[in-house]
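Asker: Take a look at this one; I'll ask things after.
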Amino acid sequence: MPGEVYSGRVALITGSSRGVGRLISEHLLLHGATVLGFGRGEATYQHERYRHFQADIADPNQVLQAFMAVRREFPALHIVVNNAAVLTSQYALIMAASAAKSMVDTNLLGAFLVSREAAKLMRKEKWGRIINISSMAVSLEPMGDTMYAACKAGLTVMGNIMAKEFAPFGITVNTLAISAIETDMLRQLPQETIQEVIGGLPLPRPAQPEDILNVIDFFASGRSSYITAQTLYLGGVH
Amino acid sequence: MVPSQEAILAIIFQALTNLNLERDASSQVPLDVDTALFGGASALDSLALVSVISDVEMAVSDAVGEPISLTDDQALSQQVSPFTSVRTLCAYVLQLTHERA
C-alpha cells in the first residue's frame, strides 16, 4: 500500500500488546498513524508515535479513566479497533461462571464501552471508523466456544446498531471475523481442532497477517464512508 | 475539584453551542437557563439531546478529574428529570459533583 496513508490519523487499538492487536498497531504505525494502545499490562514495544494506556477494558471505570487521559493528550480520535478478547474454550457443562463472565466483560462489554467513549470524540470530527474484531467461531459454532462465540456474535449485532446510531456523526462501524491465525490465543486450542477447522474452509489455509491488514485498511479508508454495519469473514466462512 | 454553578452553565452552553453549529439559522437553540431540553417544549430531538448530554458528561468529567455519569439510575429516579431544562441539568450536575466531593 502507498506510503503514509494514515498520516494525521489517531487510532486506538485494544489488546495492542500482542497477537492481532500488535500486528494491526505496527501496521498503522508503519503507515503514519499515531497509535494509542490499550492493554492490561505495560507496553511491549516502543515507537515515537505509540502511546500506551494501561487499562482493563472489562472494568468500566478503567475505560473512563483511560479515555480521560486520552482526551488530555489527543483532541481527536479517528480509528478504533476493538481487538482485545479473552478465550476460555471449555464444554458448557463444566464452564466456570467466572470464566464465562470474564469473556462477556472483556469481549462484549469492553468493546461497547470503548466504542461509546470513542464515538464521543469522533463525533467532534464528524469522522470515525470503528472496527470490531470477531471470529469465524461465530459461523462455525465449535463445541467449547459457547460464550466466546456468543460474545463475538454479539459484537456484530452491537456494531450494526451502533452503525445506525453513529451514522449521523460520520462514524462507520464494521466487523472483521478472522479465521485461524497463529496467535497466543489460538495456541490454547488443540492442534487437531485447528487443522480440522482450517481444512473445512473454502480456502483451507491459516489467515496470513496481510489478509487481516487488507480488510483493516478497507474498513478504515476514507473511501469506505458508505460501508457500515458489515461483517466480513476471512477464508470463505459465512 | 467541584466546579461552580457558573462553570457548569458554561459547559452546558458550550454543548448547546456545539449543537447549534450543526443546525440551520432557523432552528438555533437559545443559550438560556430556561431553555427546554426534553419534553414537548423542547426544540431538541432525541439525537440532539443525546449529543448534548454526551458533551456535558465528558466536559464535567474532565473538569472534576473523574468519570461522571449523567444517565445512570440516579438520574432516572429524580422527581424532576434532570434533562427538563438547562436549569434542571445544571442543578443536577451541581448536586452530583458535590456528592462526589
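Chain labels follow the order of the C-alpha cells: the first chain is A, the next B, and so on; residue numbering restarts at 1 in every chain, and ligands are counted from 1 in their shown order.
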Considering only C-alpha atoms, give me a table of residues in chain B that are at most 9 Å from chain A, with the closest atom pair and distance in Å for each, as a tab-separated table.

Answerer:
```
residue	atom	partner	partner_atom	distance
B:Asn18	CA	A:Lys124	CA	8.8
B:Leu47	CA	A:Glu165	CA	8.5
B:Ser51	CA	A:Lys120	CA	8.4
B:Ser54	CA	A:Lys120	CA	6.9
B:Asp55	CA	A:Lys120	CA	7.5
B:Met58	CA	A:Lys120	CA	8.2
B:Ser61	CA	A:Met68	CA	7.7
B:Asp62	CA	A:Met68	CA	6.4
B:Gly65	CA	A:Met68	CA	7.9
B:Glu66	CA	A:Gln65	CA	6.9
B:Pro67	CA	A:Leu64	CA	6.0
```

Asker: Would you list, as a ChimeraX atom specification, the residues of region 14-70 of chain B that end up in helix (DSSP H, G or I) under DSSP run on this structure's backbone?

Answerer: /B:14-21,25-27,46-64

Asker: Skipping near chain neighbours, those fewer than 5 positions away, what residues fall within 9 Å of Met1 (chain B) using only C-alpha atoms, listed as an NGL selection string?

Answerer: :B and (63-65 or 97 or 101)

Asker: Would you output that residue set with N, CA and C atoms, as an mmCIF file, in the first residue's frame?

Answerer:
```cif
data_model
loop_
_atom_site.group_PDB
_atom_site.id
_atom_site.type_symbol
_atom_site.label_atom_id
_atom_site.label_comp_id
_atom_site.auth_asym_id
_atom_site.auth_seq_id
_atom_site.Cartn_x
_atom_site.Cartn_y
_atom_site.Cartn_z
ATOM 1 N N ALA B 63 -13.528 18.164 33.916
ATOM 2 C CA ALA B 63 -13.386 19.284 34.851
ATOM 3 C C ALA B 63 -13.138 18.795 36.284
ATOM 4 N N VAL B 64 -13.831 17.733 36.667
ATOM 5 C CA VAL B 64 -13.681 17.260 38.054
ATOM 6 C C VAL B 64 -12.573 16.213 38.181
ATOM 7 N N GLY B 65 -12.098 15.722 37.057
ATOM 8 C CA GLY B 65 -10.983 14.780 37.084
ATOM 9 C C GLY B 65 -11.369 13.355 37.404
ATOM 10 N N THR B 97 -21.721 16.617 41.520
ATOM 11 C CA THR B 97 -20.321 16.954 41.806
ATOM 12 C C THR B 97 -20.109 17.237 43.294
ATOM 13 N N ALA B 101 -17.660 15.142 46.021
ATOM 14 C CA ALA B 101 -16.557 15.871 46.686
ATOM 15 C C ALA B 101 -16.344 15.360 48.123
#
```

Asker: Nearest residue to Ser115 (chain A) out of A:Ala97, A:Thr14, A:Pro190, A:Glu196, using only C-alpha atoms?

Answerer: A:Thr14

Asker: Near region 43-51 of chain A, counting only C-alpha atoms, which residues have an atom at most 9 Å away, once you skip same-chain residues fewer than 4 positions from it, shown as a ChimeraX atom specification?

Answerer: /A:16-18,25,29,32-39

Asker: Keeping only C-alpha atoms, write the selected residues to a file as a compact mmCIF listing (two decimals), in the first residue's frame.

Answerer:
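And here's out_26.txt as it stands now:
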```txt
# COMPACT_ATOMS: atom_id res chain seq x y z
CA SER A 16 -2.39 -3.92 21.36
CA SER A 17 0.43 -5.68 23.17
CA ARG A 18 0.49 -8.91 21.21
CA SER A 25 -0.85 -1.49 15.66
CA LEU A 29 2.39 2.93 12.82
CA GLY A 32 1.92 7.03 9.55
CA ALA A 33 -0.79 6.79 12.22
CA THR A 34 -0.44 7.77 15.83
CA VAL A 35 -1.48 4.69 17.76
CA LEU A 36 -2.97 4.60 21.23
CA GLY A 37 -2.74 1.13 22.70
CA PHE A 38 -4.99 -0.13 25.46
CA GLY A 39 -3.72 -3.11 27.39
```
